[in-house]
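For reference, run_32.csv is printed below; it contains CSV, N, CA and C atoms.
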chain,number,residue,atom,x,y,z
A,25,MET,N,0.8,-1.2,0.0
A,25,MET,CA,0.0,0.0,0.0
A,25,MET,C,0.9,1.2,0.0
A,26,ALA,N,0.6,2.2,-0.9
A,26,ALA,CA,1.3,3.4,-0.9
A,26,ALA,C,0.7,4.5,-0.2
A,27,GLY,N,1.4,5.2,0.7
A,27,GLY,CA,0.9,6.3,1.5
A,27,GLY,C,0.0,5.9,2.7
A,28,ASN,N,-0.3,6.9,3.4
A,28,ASN,CA,-1.2,6.8,4.6
A,28,ASN,C,-2.6,6.9,4.2
A,29,THR,N,-3.5,6.3,4.9
A,29,THR,CA,-5.0,6.3,4.6
A,29,THR,C,-5.7,6.5,5.9
A,30,PHE,N,-6.7,7.5,5.8
A,30,PHE,CA,-7.6,7.8,6.9
A,30,PHE,C,-9.0,7.3,6.5
A,31,VAL,N,-9.6,6.4,7.2
A,31,VAL,CA,-10.9,5.8,6.8
A,31,VAL,C,-12.0,6.2,7.7
A,32,TYR,N,-13.1,6.6,7.2
A,32,TYR,CA,-14.3,7.1,8.0
A,32,TYR,C,-15.6,6.5,7.4
A,33,ASP,N,-16.7,6.7,8.1
A,33,ASP,CA,-18.0,6.2,7.7
A,33,ASP,C,-18.7,7.2,6.8
A,34,GLY,N,-18.7,6.8,5.5
A,34,GLY,CA,-19.2,7.7,4.5
A,34,GLY,C,-20.7,7.7,4.5
A,35,ASP,N,-21.4,6.8,5.2
A,35,ASP,CA,-22.9,6.8,5.3
A,35,ASP,C,-23.3,7.8,6.3
A,36,CYS,N,-22.4,8.3,7.1
A,36,CYS,CA,-22.8,9.3,8.2
A,36,CYS,C,-22.5,10.7,7.7
A,37,SER,N,-23.5,11.5,7.7
A,37,SER,CA,-23.3,12.9,7.2
A,37,SER,C,-22.4,13.7,8.1
A,38,PHE,N,-22.4,13.5,9.4
A,38,PHE,CA,-21.5,14.2,10.3
A,38,PHE,C,-20.1,13.8,10.0
A,39,CYS,N,-19.8,12.5,9.9
A,39,CYS,CA,-18.5,12.0,9.6
A,39,CYS,C,-18.0,12.5,8.2
A,40,THR,N,-18.9,12.6,7.3
A,40,THR,CA,-18.5,13.1,5.9
A,40,THR,C,-18.2,14.6,6.0
A,41,SER,N,-19.0,15.3,6.8
A,41,SER,CA,-18.7,16.8,7.0
A,41,SER,C,-17.3,16.9,7.6
A,42,CYS,N,-17.0,16.1,8.6
A,42,CYS,CA,-15.7,16.2,9.3
A,42,CYS,C,-14.6,15.8,8.2
A,43,ALA,N,-14.8,14.8,7.4
A,43,ALA,CA,-13.8,14.4,6.4
A,43,ALA,C,-13.6,15.5,5.4
A,44,GLU,N,-14.7,16.2,5.0
A,44,GLU,CA,-14.5,17.4,4.1
A,44,GLU,C,-13.7,18.5,4.7
A,45,PHE,N,-14.0,18.7,6.0
A,45,PHE,CA,-13.2,19.7,6.8
A,45,PHE,C,-11.7,19.4,6.7
A,46,ILE,N,-11.4,18.1,7.0
A,46,ILE,CA,-10.0,17.6,6.9
A,46,ILE,C,-9.4,17.9,5.6
A,47,GLU,N,-10.1,17.5,4.5
A,47,GLU,CA,-9.6,17.7,3.2
A,47,GLU,C,-9.4,19.2,2.8
A,48,ARG,N,-10.2,20.1,3.4
A,48,ARG,CA,-10.1,21.5,3.1
A,48,ARG,C,-9.1,22.2,3.9
A,49,ARG,N,-9.0,21.8,5.2
A,49,ARG,CA,-8.2,22.6,6.2
A,49,ARG,C,-7.0,22.0,6.7
A,50,ILE,N,-6.8,20.7,6.7
A,50,ILE,CA,-5.7,20.0,7.3
A,50,ILE,C,-4.8,19.4,6.2
A,51,PRO,N,-3.6,19.9,6.0
A,51,PRO,CA,-2.8,19.5,4.9
A,51,PRO,C,-2.1,18.2,5.1
A,52,SER,N,-2.8,17.2,5.4
A,52,SER,CA,-2.3,15.9,5.5
A,52,SER,C,-2.0,15.3,4.2
A,53,ARG,N,-1.0,14.4,4.0
A,53,ARG,CA,-0.7,13.7,2.8
A,53,ARG,C,-1.6,12.5,2.7
A,54,ALA,N,-2.3,12.1,3.8
A,54,ALA,CA,-3.1,10.9,3.8
A,54,ALA,C,-4.3,11.0,2.8
A,55,ARG,N,-4.6,9.8,2.3
A,55,ARG,CA,-5.8,9.7,1.5
A,55,ARG,C,-7.0,9.5,2.5
A,56,VAL,N,-8.0,10.4,2.4
A,56,VAL,CA,-9.1,10.4,3.2
A,56,VAL,C,-10.3,9.7,2.4
A,57,ILE,N,-10.8,8.6,2.9
A,57,ILE,CA,-11.7,7.8,2.1
A,57,ILE,C,-12.8,7.2,3.0
A,58,PRO,N,-14.0,7.1,2.5
A,58,PRO,CA,-15.1,6.4,3.3
A,58,PRO,C,-14.8,4.9,3.2
A,59,TRP,N,-15.1,4.2,4.3
A,59,TRP,CA,-14.8,2.8,4.3
A,59,TRP,C,-15.6,2.1,3.2
A,60,GLN,N,-16.8,2.6,2.8
A,60,GLN,CA,-17.6,2.0,1.9
A,60,GLN,C,-17.0,1.9,0.5
A,61,PHE,N,-16.0,2.7,0.2
A,61,PHE,CA,-15.3,2.8,-1.1
A,61,PHE,C,-13.8,2.3,-0.9
A,62,ALA,N,-13.4,1.9,0.2
A,62,ALA,CA,-12.1,1.4,0.5
A,62,ALA,C,-11.9,-0.1,0.3
A,63,ASP,N,-10.8,-0.5,-0.1
A,63,ASP,CA,-10.5,-1.9,-0.2
A,63,ASP,C,-10.0,-2.4,1.2
A,64,LEU,N,-10.9,-2.8,2.0
A,64,LEU,CA,-10.6,-3.1,3.4
A,64,LEU,C,-9.6,-4.2,3.6
A,65,ASP,N,-9.7,-5.2,2.7
A,65,ASP,CA,-8.7,-6.3,2.7
A,65,ASP,C,-7.3,-5.7,2.5
A,66,ALA,N,-7.1,-4.9,1.5
A,66,ALA,CA,-5.8,-4.3,1.1
A,66,ALA,C,-5.3,-3.5,2.3
A,67,LEU,N,-6.2,-2.8,3.0
A,67,LEU,CA,-5.8,-2.0,4.1
A,67,LEU,C,-5.6,-2.8,5.4
A,68,GLY,N,-6.0,-4.0,5.4
A,68,GLY,CA,-5.8,-4.9,6.6
A,68,GLY,C,-6.9,-4.5,7.6
A,69,LEU,N,-8.0,-4.0,7.2
A,69,LEU,CA,-9.1,-3.6,8.2
A,69,LEU,C,-10.3,-4.6,8.1
A,70,THR,N,-11.0,-4.7,9.2
A,70,THR,CA,-12.2,-5.5,9.2
A,70,THR,C,-13.4,-4.6,9.2
A,71,LEU,N,-14.6,-5.1,8.8
A,71,LEU,CA,-15.8,-4.4,8.9
A,71,LEU,C,-16.1,-3.9,10.3
A,72,GLU,N,-15.8,-4.8,11.3
A,72,GLU,CA,-16.0,-4.4,12.7
A,72,GLU,C,-15.1,-3.2,13.1
A,73,GLN,N,-13.9,-3.1,12.6
A,73,GLN,CA,-13.0,-2.0,12.9
A,73,GLN,C,-13.6,-0.7,12.3
A,74,VAL,N,-14.0,-0.7,11.1
A,74,VAL,CA,-14.4,0.5,10.4
A,74,VAL,C,-15.8,1.0,10.9
A,75,GLU,N,-16.6,0.0,11.4
A,75,GLU,CA,-17.9,0.4,11.9
A,75,GLU,C,-17.8,1.0,13.3
A,76,SER,N,-16.7,0.7,14.0
A,76,SER,CA,-16.6,1.1,15.4
A,76,SER,C,-15.9,2.5,15.5
A,77,ALA,N,-15.0,2.9,14.6
A,77,ALA,CA,-14.3,4.1,14.7
A,77,ALA,C,-13.6,4.4,13.4
A,78,VAL,N,-13.2,5.7,13.3
A,78,VAL,CA,-12.3,6.1,12.2
A,78,VAL,C,-11.0,5.3,12.3
A,79,GLN,N,-10.3,5.1,11.2
A,79,GLN,CA,-9.1,4.3,11.2
A,79,GLN,C,-8.0,5.0,10.4
A,80,TRP,N,-6.8,4.8,10.9
A,80,TRP,CA,-5.6,5.2,10.3
A,80,TRP,C,-4.8,4.0,9.9
A,81,VAL,N,-4.4,3.9,8.6
A,81,VAL,CA,-3.5,2.9,8.2
A,81,VAL,C,-2.3,3.6,7.6
A,82,GLY,N,-1.1,3.5,8.3
A,82,GLY,CA,0.1,4.1,7.9
A,82,GLY,C,0.8,3.3,6.8
A,83,GLU,N,1.6,4.0,6.0
A,83,GLU,CA,2.4,3.3,5.0
A,83,GLU,C,3.4,2.4,5.6
A,84,ASP,N,3.7,2.6,6.9
A,84,ASP,CA,4.6,1.8,7.6
A,84,ASP,C,3.9,0.6,8.3
A,85,GLY,N,2.6,0.5,8.1
A,85,GLY,CA,1.9,-0.6,8.7
A,85,GLY,C,1.2,-0.3,10.0
A,86,THR,N,1.4,0.9,10.5
A,86,THR,CA,0.7,1.3,11.7
A,86,THR,C,-0.8,1.4,11.5
A,87,VAL,N,-1.6,0.8,12.4
A,87,VAL,CA,-3.0,0.9,12.4
A,87,VAL,C,-3.5,1.5,13.7
A,88,ALA,N,-4.3,2.5,13.6
A,88,ALA,CA,-4.8,3.2,14.8
A,88,ALA,C,-6.3,3.5,14.6
A,89,ALA,N,-7.0,3.6,15.7
A,89,ALA,CA,-8.5,3.9,15.6
A,89,ALA,C,-8.8,5.1,16.5
A,90,GLY,N,-10.0,5.7,16.1
A,90,GLY,CA,-10.6,6.7,16.9
A,90,GLY,C,-9.6,7.9,17.1
A,91,PRO,N,-9.5,8.4,18.4
A,91,PRO,CA,-8.7,9.6,18.6
A,91,PRO,C,-7.2,9.3,18.3
A,92,ASP,N,-6.8,8.1,18.4
A,92,ASP,CA,-5.4,7.7,18.0
A,92,ASP,C,-5.2,7.9,16.5
A,93,ALA,N,-6.2,7.6,15.7
A,93,ALA,CA,-6.1,7.8,14.3
A,93,ALA,C,-6.1,9.3,14.0
A,94,ILE,N,-6.9,10.0,14.7
A,94,ILE,CA,-7.0,11.5,14.4
A,94,ILE,C,-5.6,12.1,14.8
A,95,ALA,N,-5.0,11.6,15.9
A,95,ALA,CA,-3.7,12.2,16.3
A,95,ALA,C,-2.7,11.9,15.2
A,96,LEU,N,-2.7,10.7,14.6
A,96,LEU,CA,-1.7,10.4,13.5
A,96,LEU,C,-2.0,11.3,12.3
A,97,LEU,N,-3.3,11.5,12.0
A,97,LEU,CA,-3.6,12.3,10.8
A,97,LEU,C,-3.1,13.7,11.1
A,98,LEU,N,-3.3,14.3,12.3
A,98,LEU,CA,-2.8,15.6,12.6
A,98,LEU,C,-1.3,15.7,12.5
A,99,ARG,N,-0.6,14.7,13.1
A,99,ARG,CA,0.9,14.7,13.0
A,99,ARG,C,1.4,14.6,11.6
A,100,ASP,N,0.7,13.9,10.7
A,100,ASP,CA,1.1,13.7,9.4
A,100,ASP,C,1.0,15.1,8.6
A,101,ALA,N,0.1,16.0,9.1
A,101,ALA,CA,-0.1,17.3,8.5
A,101,ALA,C,1.1,18.2,8.8
A,102,GLY,N,1.8,17.9,9.8
A,102,GLY,CA,3.0,18.7,10.2
A,102,GLY,C,2.7,20.1,10.7
A,103,ARG,N,3.7,20.9,10.8
A,103,ARG,CA,3.6,22.3,11.2
A,103,ARG,C,2.7,22.4,12.5
A,104,MET,N,1.8,23.4,12.4
A,104,MET,CA,1.0,23.7,13.6
A,104,MET,C,0.1,22.5,14.0
A,105,TRP,N,-0.2,21.6,13.1
A,105,TRP,CA,-1.1,20.4,13.4
A,105,TRP,C,-0.4,19.4,14.2
A,106,GLU,N,1.0,19.3,14.2
A,106,GLU,CA,1.7,18.3,14.9
A,106,GLU,C,1.5,18.5,16.4
A,107,VAL,N,1.4,19.7,16.9
A,107,VAL,CA,1.3,19.9,18.3
A,107,VAL,C,0.0,19.3,18.9
A,108,PRO,N,-1.2,19.6,18.3
A,108,PRO,CA,-2.4,18.9,18.9
A,108,PRO,C,-2.3,17.4,18.6
A,109,GLY,N,-1.7,17.0,17.5
A,109,GLY,CA,-1.6,15.6,17.3
A,109,GLY,C,-0.8,14.9,18.4
A,110,ARG,N,0.3,15.5,18.7
A,110,ARG,CA,1.1,14.9,19.8
A,110,ARG,C,0.4,15.0,21.2
A,111,ALA,N,-0.3,16.1,21.4
A,111,ALA,CA,-1.0,16.2,22.6
A,111,ALA,C,-2.1,15.1,22.8
A,112,LEU,N,-2.8,14.8,21.7
A,112,LEU,CA,-3.8,13.7,21.8
A,112,LEU,C,-3.1,12.4,22.2
A,113,GLN,N,-1.8,12.2,22.0
A,113,GLN,CA,-1.2,11.0,22.3
A,113,GLN,C,-0.6,10.9,23.7
A,114,LEU,N,-0.7,12.0,24.4
A,114,LEU,CA,-0.2,12.0,25.8
A,114,LEU,C,-1.1,11.2,26.7
A,115,LYS,N,-0.6,10.4,27.6
A,115,LYS,CA,-1.4,9.5,28.4
A,115,LYS,C,-2.6,10.2,29.1
A,116,PRO,N,-2.3,11.3,29.9
A,116,PRO,CA,-3.4,12.0,30.6
A,116,PRO,C,-4.5,12.4,29.6
A,117,VAL,N,-4.1,12.9,28.4
A,117,VAL,CA,-5.1,13.4,27.4
A,117,VAL,C,-5.8,12.2,26.9
A,118,GLY,N,-5.1,11.1,26.6
A,118,GLY,CA,-5.7,9.9,26.1
A,118,GLY,C,-6.8,9.3,27.0
A,119,TRP,N,-6.7,9.5,28.3
A,119,TRP,CA,-7.7,9.0,29.2
A,119,TRP,C,-9.0,9.7,28.9
A,120,LEU,N,-9.0,10.9,28.4
A,120,LEU,CA,-10.2,11.7,28.1
A,120,LEU,C,-10.7,11.6,26.7
A,121,THR,N,-9.7,11.3,25.7
A,121,THR,CA,-10.1,11.4,24.3
A,121,THR,C,-11.0,10.2,23.9
A,122,TRP,N,-10.7,9.0,24.5
A,122,TRP,CA,-11.6,7.9,24.1
A,122,TRP,C,-13.0,8.0,24.6
A,123,PRO,N,-13.2,8.4,25.9
A,123,PRO,CA,-14.6,8.7,26.3
A,123,PRO,C,-15.3,9.8,25.5
A,124,ALA,N,-14.6,10.8,25.2
A,124,ALA,CA,-15.1,11.9,24.3
A,124,ALA,C,-15.4,11.4,22.9
A,125,TYR,N,-14.6,10.6,22.4
A,125,TYR,CA,-14.8,10.1,21.0
A,125,TYR,C,-16.0,9.2,21.0
A,126,HIS,N,-16.2,8.3,22.0
A,126,HIS,CA,-17.4,7.5,22.1
A,126,HIS,C,-18.6,8.3,22.2
A,127,TRP,N,-18.6,9.4,23.0
A,127,TRP,CA,-19.8,10.2,23.2
A,127,TRP,C,-20.2,10.8,21.9
A,128,VAL,N,-19.2,11.4,21.2
A,128,VAL,CA,-19.5,12.0,19.9
A,128,VAL,C,-20.0,10.9,18.9
A,129,ALA,N,-19.4,9.8,18.9
A,129,ALA,CA,-19.9,8.7,18.0
A,129,ALA,C,-21.3,8.3,18.3
A,130,ASP,N,-21.6,8.2,19.6
A,130,ASP,CA,-23.0,7.8,20.0
A,130,ASP,C,-24.0,8.9,19.7
A,131,HIS,N,-23.6,10.1,19.6
A,131,HIS,CA,-24.5,11.2,19.5
A,131,HIS,C,-24.3,12.0,18.1
A,132,ARG,N,-23.6,11.4,17.2
A,132,ARG,CA,-23.3,12.1,15.9
A,132,ARG,C,-24.5,12.4,15.1
A,133,HIS,N,-25.6,11.7,15.3
A,133,HIS,CA,-26.9,12.0,14.6
A,133,HIS,C,-27.5,13.3,15.1
A,134,LEU,N,-27.1,13.7,16.3
A,134,LEU,CA,-27.6,15.0,16.9
A,134,LEU,C,-26.8,16.2,16.6
A,135,LEU,N,-25.5,16.0,16.1
A,135,LEU,CA,-24.6,17.0,15.9
A,135,LEU,C,-24.8,17.7,14.5
A,136,PRO,N,-24.2,18.9,14.3
A,136,PRO,CA,-24.4,19.6,13.0
A,136,PRO,C,-23.9,18.7,11.9
A,137,GLY,N,-24.7,18.6,10.9
A,137,GLY,CA,-24.3,17.7,9.7
A,137,GLY,C,-24.8,16.3,9.9
A,138,GLY,N,-25.2,15.9,11.1
A,138,GLY,CA,-25.7,14.5,11.3
A,138,GLY,C,-27.1,14.3,10.8
A,139,THR,N,-27.4,13.1,10.6
A,139,THR,CA,-28.8,12.7,10.2
A,139,THR,C,-29.2,11.5,11.0
A,140,ALA,N,-30.4,11.1,10.9
A,140,ALA,CA,-30.9,10.0,11.7
A,140,ALA,C,-30.2,8.7,11.3
A,141,ALA,N,-29.8,8.6,10.0
A,141,ALA,CA,-29.1,7.4,9.5
A,141,ALA,C,-27.7,7.2,10.3
A,142,CYS,N,-27.2,8.3,10.7
A,142,CYS,CA,-25.9,8.2,11.4
A,142,CYS,C,-26.0,7.4,12.7
A,143,SER,N,-27.1,7.3,13.3
A,143,SER,CA,-27.3,6.5,14.5
A,143,SER,C,-27.6,5.1,14.3
A,144,LEU,N,-27.8,4.7,13.1
A,144,LEU,CA,-28.2,3.3,12.9
A,144,LEU,C,-27.0,2.4,12.7
A,145,PRO,N,-27.0,1.2,13.2
A,145,PRO,CA,-26.0,0.2,12.9
A,145,PRO,C,-26.0,-0.1,11.5
A,146,GLN,N,-24.9,-0.6,10.9
A,146,GLN,CA,-24.7,-0.8,9.5
A,146,GLN,C,-25.8,-1.8,9.0
A,147,ALA,N,-26.1,-2.9,9.7
A,147,ALA,CA,-27.1,-3.8,9.3
A,147,ALA,C,-28.4,-3.2,9.0
A,148,GLN,N,-28.8,-2.2,9.9
A,148,GLN,CA,-30.1,-1.6,9.7
A,148,GLN,C,-30.0,-0.6,8.5
A,149,ARG,N,-28.9,0.1,8.3
A,149,ARG,CA,-28.7,1.0,7.2
A,149,ARG,C,-28.9,0.2,5.9
A,150,ASP,N,-28.3,-1.0,5.9
A,150,ASP,CA,-28.3,-1.8,4.7
A,150,ASP,C,-29.8,-2.2,4.3
A,151,LYS,N,-30.6,-2.5,5.4
A,151,LYS,CA,-32.0,-2.9,5.1
A,151,LYS,C,-32.7,-1.7,4.6
A,152,LEU,N,-32.5,-0.5,5.1
A,152,LEU,CA,-33.2,0.7,4.6
A,152,LEU,C,-32.7,1.3,3.3
A,153,TYR,N,-31.4,1.3,3.1
A,153,TYR,CA,-30.8,2.0,1.9
A,153,TYR,C,-30.1,1.1,1.0
A,154,GLY,N,-30.0,-0.2,1.2
A,154,GLY,CA,-29.3,-1.1,0.4
A,154,GLY,C,-27.9,-1.3,0.9
A,155,PRO,N,-27.3,-2.4,0.6
A,155,PRO,CA,-25.9,-2.8,1.1
A,155,PRO,C,-24.9,-1.9,0.5
A,156,SER,N,-23.8,-1.6,1.3
A,156,SER,CA,-22.7,-0.9,0.9
A,156,SER,C,-22.0,-1.8,-0.2
A,157,THR,N,-21.3,-1.1,-1.1
A,157,THR,CA,-20.7,-1.8,-2.2
A,157,THR,C,-19.4,-2.5,-2.0
A,158,SER,N,-18.6,-2.1,-1.0
A,158,SER,CA,-17.2,-2.6,-0.9
A,158,SER,C,-16.9,-3.5,0.3
A,159,ARG,N,-17.7,-4.5,0.5
A,159,ARG,CA,-17.4,-5.4,1.6
A,159,ARG,C,-16.8,-6.7,1.1
What's the structure tokens form of this structure?
Amino acid sequence: MAGNTFVYDGDCSFCTSCAEFIERRIPSRARVIPWQFADLDALGLTLEQVESAVQWVGEDGTVAAGPDAIALLLRDAGRMWEVPGRALQLKPVGWLTWPAYHWVADHRHLLPGGTAACSLPQAQRDKLYGPSTSR
């Protein structure tokens, strides 16, 4: 695999809005892609992983999820983004980031850009909207 990859849930409007912000504002070299269009096997990711949190797959083989993935994305962007990326990886901060990440994930349908579909498990989304194409 060439380059770093940041994988998110493309069926979630909130997640897609965040990914668009990343692409516009954070100068990471990583490919930012919804898991529904990613080759999960080539990335070494499972459906369970991508349904549970955003994922980072580094060109060096590093795999990280949730706030750890976000930290690596920020560090990859360099310059002013490296400082918050490193801060997210500090142990005391890490104790807070995972609970905060889970809270956001559980309430993403209520956040700006979120929709009711964001709160549904993938199996229910598939029943309502049809199966995702890249499993």
Would you please extract all strand (DSSP E) residues from chain A, as assigned by DSSP on the backbone, and give them as a list in words?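 Restricting chain A to strand (DSSP E) produces Thr29, Phe30, Val31, Tyr32, Arg55, Val56, Ile57, Pro58, Gln79, Trp80, Val81, Val87, Ala88 and Ala89 of chain A.
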Counting all atoms listed in the file, select every polymer residue within 7 Å of (-18.4, 6.5, 9.3) as defined in the file's coordinates, and provide the selection as a PyMOL selection string. chain A and resi 31-36+39-40+58-59+74-75+77-78
Would you compute the distance between atom N of Gly82 (chain A) and atom N of Phe30 (chain A)? Give it in Å to one decimal.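 The value is 7.3 Å.
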Just how far from CA of Ser41 (chain A) is CA of Leu98 (chain A), in Å to one decimal?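 Distance reported for this atom pair: 16.9 Å.
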For a test of reading the model, state the distance in Å between atom C of Ala26 (chain A) and atom C of Arg99 (chain A), rounded to one decimal.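 Taking atom C of Ala26 (chain A) and atom C of Arg99 (chain A), their separation equals 15.5 Å.
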With only C-alpha atoms as the basis for distance, which of A:Val81, A:Leu112, A:Met104, A:Ala95 is at the shortest distance from Asp63 (chain A)? A:Val81
Could you find all residues in chain A that DSSP calls alpha helix (DSSP H) from the backbone, and write them as an NGL selection string? :A and (37-49 or 64-67 or 71-76 or 90-101 or 103-112 or 115-131 or 146-153)
